[in-house]
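J.: Have a peek at start_1.cif (mmCIF, C-alpha atoms).
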```cif
data_work
loop_
_atom_site.group_PDB
_atom_site.id
_atom_site.type_symbol
_atom_site.label_atom_id
_atom_site.label_comp_id
_atom_site.auth_asym_id
_atom_site.auth_seq_id
_atom_site.Cartn_x
_atom_site.Cartn_y
_atom_site.Cartn_z
ATOM 1 C CA MET A 1 119.203 104.878 142.441
ATOM 2 C CA THR A 2 118.715 104.747 138.716
ATOM 3 C CA ILE A 3 117.001 107.085 136.286
ATOM 4 C CA SER A 4 115.763 106.071 132.876
ATOM 5 C CA TYR A 5 114.642 108.492 130.180
ATOM 6 C CA ARG A 6 112.016 107.790 127.558
ATOM 7 C CA LYS A 7 109.629 109.558 125.239
ATOM 8 C CA HIS A 8 105.922 109.107 125.844
ATOM 9 C CA ASP A 9 104.420 106.469 123.515
ATOM 10 C CA LEU A 10 101.530 108.644 122.266
ATOM 11 C CA TYR A 11 103.263 112.048 122.488
ATOM 12 C CA PRO A 12 106.954 111.406 121.747
ATOM 13 C CA GLU A 13 107.576 114.935 120.488
ATOM 14 C CA SER A 14 105.885 116.570 123.463
ATOM 15 C CA LEU A 15 106.685 114.562 126.597
ATOM 16 C CA LEU A 16 109.857 113.264 128.157
ATOM 17 C CA ILE A 17 109.476 110.824 131.051
ATOM 18 C CA ARG A 18 112.050 110.292 133.793
ATOM 19 C CA ASP A 19 111.514 107.061 135.749
ATOM 20 C CA PHE A 20 113.307 107.019 139.103
ATOM 21 C CA THR A 21 114.002 103.885 141.158
ATOM 22 C CA GLY A 22 115.474 103.429 144.632
ATOM 23 C CA LYS A 23 116.604 106.224 146.932
ATOM 24 C CA VAL A 24 116.721 109.603 145.206
ATOM 25 C CA SER A 25 118.923 112.438 146.489
ATOM 26 C CA LEU A 26 119.130 116.115 145.557
ATOM 27 C CA ASN A 27 122.510 115.644 143.867
ATOM 28 C CA GLU A 28 121.145 112.861 141.683
ATOM 29 C CA ILE A 29 118.136 114.958 140.679
ATOM 30 C CA ILE A 30 120.355 117.898 139.723
ATOM 31 C CA GLU A 31 122.760 115.605 137.835
ATOM 32 C CA SER A 32 119.757 114.263 135.927
ATOM 33 C CA TRP A 33 118.644 117.783 134.974
ATOM 34 C CA ASP A 34 122.232 118.550 133.909
ATOM 35 C CA TYR A 35 122.161 115.424 131.722
ATOM 36 C CA ILE A 36 118.853 116.458 130.118
ATOM 37 C CA ILE A 37 120.151 119.953 129.371
ATOM 38 C CA ALA A 38 123.616 118.847 128.163
ATOM 39 C CA ASN A 39 122.110 116.250 125.815
ATOM 40 C CA ASN A 40 119.424 118.601 124.449
ATOM 41 C CA LEU A 41 116.583 116.312 125.499
ATOM 42 C CA ILE A 42 114.299 119.351 125.832
ATOM 43 C CA GLU A 43 113.358 120.256 122.282
ATOM 44 C CA ASP A 44 111.284 123.161 121.000
ATOM 45 C CA SER A 45 108.290 120.812 120.769
ATOM 46 C CA THR A 46 108.658 119.562 124.367
ATOM 47 C CA ARG A 47 105.619 120.583 126.409
ATOM 48 C CA GLY A 48 106.502 118.808 129.625
ATOM 49 C CA ILE A 49 108.620 116.410 131.607
ATOM 50 C CA ILE A 50 106.964 113.754 133.713
ATOM 51 C CA ASN A 51 109.000 112.756 136.754
ATOM 52 C CA ASN A 52 107.860 109.323 137.898
ATOM 53 C CA LEU A 53 108.792 108.844 141.562
ATOM 54 C CA ILE A 54 106.345 106.016 142.327
ATOM 55 C CA GLY A 55 107.993 103.546 144.658
ATOM 56 C CA CYS A 56 111.006 105.795 145.295
ATOM 57 C CA GLU A 57 112.344 107.114 148.549
ATOM 58 C CA LEU A 58 112.971 110.822 148.078
ATOM 59 C CA LEU A 59 115.823 111.947 150.323
ATOM 60 C CA MET A 60 114.848 115.596 150.580
ATOM 61 C CA ASP A 61 114.215 118.226 153.211
ATOM 62 C CA MET A 62 113.150 121.868 152.918
ATOM 63 C CA GLU A 63 116.731 123.074 152.481
ATOM 64 C CA SER A 64 117.463 120.690 149.616
ATOM 65 C CA PHE A 65 114.054 121.462 148.098
ATOM 66 C CA SER A 66 114.911 125.182 148.096
ATOM 67 C CA THR A 67 118.224 124.343 146.413
ATOM 68 C CA LEU A 68 116.385 122.348 143.739
ATOM 69 C CA LEU A 69 113.921 125.183 143.067
ATOM 70 C CA ALA A 70 116.780 127.674 142.748
ATOM 71 C CA TYR A 71 118.498 125.347 140.274
ATOM 72 C CA LEU A 72 115.338 124.917 138.177
ATOM 73 C CA LYS A 73 114.752 128.686 138.057
ATOM 74 C CA GLU A 74 118.276 129.227 136.684
ATOM 75 C CA HIS A 75 117.338 127.432 133.456
ATOM 76 C CA ASP A 76 114.927 129.218 131.140
ATOM 77 C CA GLN A 77 114.075 126.055 129.193
ATOM 78 C CA LEU A 78 112.743 124.496 132.424
ATOM 79 C CA LYS A 79 110.561 127.519 133.130
ATOM 80 C CA LYS A 80 108.910 127.146 129.714
ATOM 81 C CA ILE A 81 107.663 123.575 130.185
ATOM 82 C CA LYS A 82 105.399 121.758 132.605
ATOM 83 C CA LEU A 83 107.021 119.639 135.304
ATOM 84 C CA ALA A 84 104.670 116.886 136.433
ATOM 85 C CA VAL A 85 105.681 114.786 139.438
ATOM 86 C CA ILE A 86 104.001 111.415 139.970
ATOM 87 C CA CYS A 87 104.351 110.046 143.490
ATOM 88 C CA ASP A 88 102.624 107.707 145.890
ATOM 89 C CA ASP A 89 104.177 108.698 149.218
ATOM 90 C CA PRO A 90 102.884 111.597 151.354
ATOM 91 C CA ARG A 91 106.484 112.394 152.350
ATOM 92 C CA THR A 92 107.262 112.902 148.661
ATOM 93 C CA ILE A 93 104.116 114.593 147.380
ATOM 94 C CA ILE A 94 104.569 117.503 149.774
ATOM 95 C CA PHE A 95 107.460 118.876 147.694
ATOM 96 C CA PRO A 96 105.722 119.200 144.297
ATOM 97 C CA SER A 97 102.641 120.444 146.169
ATOM 98 C CA LEU A 98 104.708 123.228 147.733
ATOM 99 C CA GLY A 99 106.287 123.941 144.366
ATOM 100 C CA GLU A 100 102.870 124.299 142.784
ATOM 101 C CA SER A 101 101.500 126.633 145.461
ATOM 102 C CA LYS A 102 104.577 128.744 146.229
ATOM 103 C CA GLU A 103 106.604 128.932 143.039
ATOM 104 C CA ARG A 104 105.127 131.051 140.257
ATOM 105 C CA GLU A 105 108.145 130.990 137.907
ATOM 106 C CA LEU A 106 107.892 127.222 137.474
ATOM 107 C CA ARG A 107 104.970 125.069 136.388
ATOM 108 C CA ILE A 108 105.154 122.171 138.836
ATOM 109 C CA LYS A 109 102.228 119.940 139.726
ATOM 110 C CA PRO A 110 101.908 116.673 141.681
ATOM 111 C CA PHE A 111 99.936 113.667 140.419
ATOM 112 C CA SER A 112 99.177 110.142 141.532
ATOM 113 C CA THR A 113 98.786 108.610 138.048
ATOM 114 C CA MET A 114 100.582 108.787 134.724
ATOM 115 C CA LYS A 115 97.290 109.443 132.902
ATOM 116 C CA ALA A 116 96.525 112.540 134.984
ATOM 117 C CA ALA A 117 100.075 113.864 134.562
ATOM 118 C CA VAL A 118 99.955 113.373 130.778
ATOM 119 C CA ASN A 119 96.551 115.059 130.489
ATOM 120 C CA TRP A 120 97.791 118.102 132.418
ATOM 121 C CA ALA A 121 101.035 118.344 130.454
ATOM 122 C CA ILE A 122 99.293 118.054 127.081
ATOM 123 C CA ILE A 123 95.875 119.652 127.644
ATOM 124 C CA GLY A 124 95.797 121.480 130.969
#
```
As structure tokens, what does this structure read like?

T.:
Amino acid sequence: MTISYRKHDLYPESLLIRDFTGKVSLNEIIESWDYIIANNLIEDSTRGIINNLIGCELLMDMESFSTLLAYLKEHDQLKKIKLAVICDDPRTIIFPSLGESKERELRIKPFSTMKAAVNWAIIG
């Protein structure tokens, strides 16, 4: 599994994009969030983070998903921004869908395209 970080071409001050490849585990996701926080990649102008999981295999179950939500809620800077998740696998999309419907402290939403995720993070 690898994760690359980049600023959005049109909205570099507002959007950070994480592109995931390969098999993605809970520990790797949390380590990635730790990296983002430790390196101050979330700036005052950041409106959202787009998590691109297209083509990935998400190694997650309900227990690890609950652990991830608890981790995200511990960090105020993550509660202030939008967390878009782009995925193309029904086994993956269930997790951001549950996050959107069940978790009111976090702004999580699933998408199937980058364009839709960007529009939500910037406009919606």

J.: Once the PyMOL selection byres ((chain A and resi 7) around 6) has been evaluated on this model, what residues remain selected, and can you format them as a ChimeraX atom specification?

T.: /A:6,8,12,15-17

J.: Need to verify the contact set: stretch 77-90 of chain A, 6 Å, all atoms listed in the file, exclusion of same-chain residues closer than 2 positions in sequence. Can you return it as a VMD selection string?

T.: chain A and resid 47 to 54 75 92 to 93 106 to 112 117 121

J.: Of the residues A:Glu105, A:Ile94, A:Ile122, A:Ile3, which is the one nearest to A:Glu31, using all atoms listed in the file?

T.: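 Comparing A:Glu105, A:Ile94, A:Ile122, A:Ile3 against A:Glu31, the winner is A:Ile3.
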
J.: Please determine the residues with any atom at most 7 Å from (108.4, 118.9, 116.5) (coordinates as given in the file, with only C-alpha atoms counting) and report them as a list in words.

T.: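 The distance filter leaves exactly Glu13, Asp44 and Ser45 of chain A.
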
J.: Which residues match the PyMOL selection byres ((chain A and resi 66) around 12) in the file above, as a list of chain:residue names?

T.: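 Listing what the PyMOL selection byres ((chain A and resi 66) around 12) selects in the shown file: A:Leu26, A:Met60, A:Asp61, A:Met62, A:Glu63, A:Ser64, A:Phe65, A:Thr67, A:Leu68, A:Leu69, A:Ala70, A:Tyr71, A:Leu72, A:Lys73, A:Phe95, A:Pro96, A:Leu98, A:Gly99, A:Lys102, A:Glu103.
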
J.: Just how far from atom CA of A:Ile29 is atom CA of A:Ser4, in Å to one decimal?

T.: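 So the answer is 12.1 Å.
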
J.: Let me know the centre plus edge lengths, in Å and rounded to one decimal, of a box with edges along x, y and z that contains all listed atoms of stretch 80-99 of chain A and is padded by 8 Å on every side, as JSON.

T.:
```
{"center_x": 105.8, "center_y": 117.4, "center_z": 141.0, "size_x": 22.3, "size_y": 35.4, "size_z": 38.6}
```

J.: Between atom CA of A:Glu74 and atom CA of A:Arg104, what is the distance in Å, rounded to a tenth?

T.: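 Distance reported for this atom pair: 13.7 Å.
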
J.: Compare A:Asn39, A:Thr46, A:Thr2, A:Thr113 by their minimum atom-to-atom distance to A:Ser25, counting all atoms listed in the file, and give me the closest one.

T.: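 Closest to A:Ser25 of all the choices is A:Thr2.
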
J.: Quick one: pull the distance between atom CA of A:Ile123 and atom CA of A:Tyr5, Å, one decimal.

T.: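 That distance, rounded to one decimal, is 22.0 Å.
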
J.: From the coordinates I just gave you, please extract stretch 32-46 of chain A so that only all heavy atoms remain, then output it as an mmCIF file, in the first residue's frame.

T.:
```
data_model
loop_
_atom_site.group_PDB
_atom_site.id
_atom_site.type_symbol
_atom_site.label_atom_id
_atom_site.label_comp_id
_atom_site.auth_asym_id
_atom_site.auth_seq_id
_atom_site.Cartn_x
_atom_site.Cartn_y
_atom_site.Cartn_z
ATOM 1 N N SER A 32 -1.405 7.597 8.281
ATOM 2 C CA SER A 32 -1.507 8.670 7.306
ATOM 3 C C SER A 32 -2.094 9.934 7.945
ATOM 4 O O SER A 32 -1.618 11.043 7.692
ATOM 5 C CB SER A 32 -2.368 8.216 6.131
ATOM 6 O OG SER A 32 -2.619 9.286 5.254
ATOM 7 N N TRP A 33 -3.132 9.764 8.767
ATOM 8 C CA TRP A 33 -3.695 10.923 9.468
ATOM 9 C C TRP A 33 -2.649 11.516 10.416
ATOM 10 O O TRP A 33 -2.523 12.749 10.519
ATOM 11 C CB TRP A 33 -4.959 10.552 10.235
ATOM 12 C CG TRP A 33 -6.163 10.388 9.371
ATOM 13 C CD1 TRP A 33 -6.900 9.258 9.190
ATOM 14 C CD2 TRP A 33 -6.793 11.389 8.562
ATOM 15 N NE1 TRP A 33 -7.930 9.494 8.311
ATOM 16 C CE2 TRP A 33 -7.893 10.793 7.919
ATOM 17 C CE3 TRP A 33 -6.525 12.734 8.304
ATOM 18 C CZ2 TRP A 33 -8.723 11.492 7.051
ATOM 19 C CZ3 TRP A 33 -7.358 13.427 7.435
ATOM 20 C CH2 TRP A 33 -8.441 12.801 6.822
ATOM 21 N N ASP A 34 -1.904 10.660 11.110
ATOM 22 C CA ASP A 34 -0.838 11.151 11.993
ATOM 23 C C ASP A 34 0.184 11.974 11.202
ATOM 24 O O ASP A 34 0.642 13.017 11.660
ATOM 25 C CB ASP A 34 -0.126 9.980 12.688
ATOM 26 C CG ASP A 34 -0.957 9.340 13.789
ATOM 27 O OD1 ASP A 34 -1.920 9.967 14.283
ATOM 28 O OD2 ASP A 34 -0.623 8.191 14.163
ATOM 29 N N TYR A 35 0.538 11.500 10.009
ATOM 30 C CA TYR A 35 1.479 12.204 9.150
ATOM 31 C C TYR A 35 0.928 13.582 8.766
ATOM 32 O O TYR A 35 1.642 14.593 8.825
ATOM 33 C CB TYR A 35 1.767 11.373 7.897
ATOM 34 C CG TYR A 35 2.627 12.076 6.892
ATOM 35 C CD1 TYR A 35 4.018 12.060 7.005
ATOM 36 C CD2 TYR A 35 2.064 12.786 5.828
ATOM 37 C CE1 TYR A 35 4.821 12.726 6.080
ATOM 38 C CE2 TYR A 35 2.854 13.450 4.908
ATOM 39 C CZ TYR A 35 4.229 13.418 5.040
ATOM 40 O OH TYR A 35 5.013 14.090 4.134
ATOM 41 N N ILE A 36 -0.334 13.621 8.358
ATOM 42 C CA ILE A 36 -0.969 14.887 7.970
ATOM 43 C C ILE A 36 -0.954 15.877 9.121
ATOM 44 O O ILE A 36 -0.613 17.053 8.944
ATOM 45 C CB ILE A 36 -2.408 14.632 7.470
ATOM 46 C CG1 ILE A 36 -2.369 13.974 6.089
ATOM 47 C CG2 ILE A 36 -3.227 15.926 7.439
ATOM 48 C CD1 ILE A 36 -3.710 13.477 5.612
ATOM 49 N N ILE A 37 -1.288 15.408 10.313
ATOM 50 C CA ILE A 37 -1.342 16.288 11.485
ATOM 51 C C ILE A 37 0.063 16.731 11.893
ATOM 52 O O ILE A 37 0.306 17.918 12.126
ATOM 53 C CB ILE A 37 -2.084 15.583 12.639
ATOM 54 C CG1 ILE A 37 -3.570 15.422 12.263
ATOM 55 C CG2 ILE A 37 -1.925 16.354 13.945
ATOM 56 C CD1 ILE A 37 -4.337 14.459 13.130
ATOM 57 N N ALA A 38 1.012 15.792 11.958
ATOM 58 C CA ALA A 38 2.377 16.103 12.389
ATOM 59 C C ALA A 38 3.078 17.069 11.436
ATOM 60 O O ALA A 38 3.907 17.878 11.863
ATOM 61 C CB ALA A 38 3.193 14.822 12.530
ATOM 62 N N ASN A 39 2.740 17.000 10.161
ATOM 63 C CA ASN A 39 3.381 17.858 9.157
ATOM 64 C C ASN A 39 2.555 19.089 8.801
ATOM 65 O O ASN A 39 2.847 19.761 7.807
ATOM 66 C CB ASN A 39 3.696 17.035 7.912
ATOM 67 C CG ASN A 39 4.808 16.057 8.176
ATOM 68 O OD1 ASN A 39 5.974 16.431 8.219
ATOM 69 N ND2 ASN A 39 4.466 14.792 8.400
ATOM 70 N N ASN A 40 1.527 19.359 9.606
ATOM 71 C CA ASN A 40 0.690 20.558 9.432
ATOM 72 C C ASN A 40 0.165 20.710 8.015
ATOM 73 O O ASN A 40 0.163 21.811 7.456
ATOM 74 C CB ASN A 40 1.464 21.808 9.850
ATOM 75 C CG ASN A 40 1.851 21.771 11.303
ATOM 76 O OD1 ASN A 40 1.018 21.479 12.164
ATOM 77 N ND2 ASN A 40 3.110 22.029 11.590
ATOM 78 N N LEU A 41 -0.291 19.610 7.427
ATOM 79 C CA LEU A 41 -0.844 19.672 6.074
ATOM 80 C C LEU A 41 -2.269 20.223 6.055
ATOM 81 O O LEU A 41 -2.772 20.575 4.995
ATOM 82 C CB LEU A 41 -0.793 18.287 5.425
ATOM 83 C CG LEU A 41 0.604 17.699 5.224
ATOM 84 C CD1 LEU A 41 0.518 16.341 4.550
ATOM 85 C CD2 LEU A 41 1.486 18.645 4.432
ATOM 86 N N ILE A 42 -2.906 20.287 7.222
ATOM 87 C CA ILE A 42 -4.225 20.925 7.324
ATOM 88 C C ILE A 42 -3.983 22.359 7.788
ATOM 89 O O ILE A 42 -3.582 22.606 8.923
ATOM 90 C CB ILE A 42 -5.148 20.188 8.311
ATOM 91 C CG1 ILE A 42 -5.354 18.749 7.857
ATOM 92 C CG2 ILE A 42 -6.491 20.916 8.430
ATOM 93 C CD1 ILE A 42 -6.112 17.889 8.848
ATOM 94 N N GLU A 43 -4.205 23.275 6.868
ATOM 95 C CA GLU A 43 -3.991 24.697 7.153
ATOM 96 C C GLU A 43 -5.316 25.358 7.475
ATOM 97 O O GLU A 43 -6.379 24.767 7.298
ATOM 98 C CB GLU A 43 -3.325 25.340 5.937
ATOM 99 C CG GLU A 43 -1.999 24.687 5.571
ATOM 100 C CD GLU A 43 -1.486 25.100 4.211
ATOM 101 O OE1 GLU A 43 -2.212 25.788 3.462
ATOM 102 O OE2 GLU A 43 -0.343 24.734 3.895
ATOM 103 N N ASP A 44 -5.267 26.592 7.924
ATOM 104 C CA ASP A 44 -6.503 27.324 8.235
ATOM 105 C C ASP A 44 -7.416 27.433 7.020
ATOM 106 O O ASP A 44 -8.634 27.463 7.150
ATOM 107 C CB ASP A 44 -6.186 28.726 8.765
ATOM 108 C CG ASP A 44 -5.581 28.685 10.157
ATOM 109 O OD1 ASP A 44 -5.749 27.673 10.865
ATOM 110 O OD2 ASP A 44 -4.930 29.678 10.540
ATOM 111 N N SER A 45 -6.827 27.482 5.831
ATOM 112 C CA SER A 45 -7.620 27.630 4.603
ATOM 113 C C SER A 45 -8.133 26.292 4.058
ATOM 114 O O SER A 45 -8.900 26.284 3.099
ATOM 115 C CB SER A 45 -6.783 28.324 3.528
ATOM 116 O OG SER A 45 -5.638 27.536 3.214
ATOM 117 N N THR A 46 -7.731 25.173 4.661
ATOM 118 C CA THR A 46 -8.155 23.865 4.174
ATOM 119 C C THR A 46 -9.638 23.662 4.448
ATOM 120 O O THR A 46 -10.087 23.767 5.586
ATOM 121 C CB THR A 46 -7.344 22.728 4.841
ATOM 122 O OG1 THR A 46 -5.958 22.927 4.577
ATOM 123 C CG2 THR A 46 -7.766 21.370 4.307
#
```
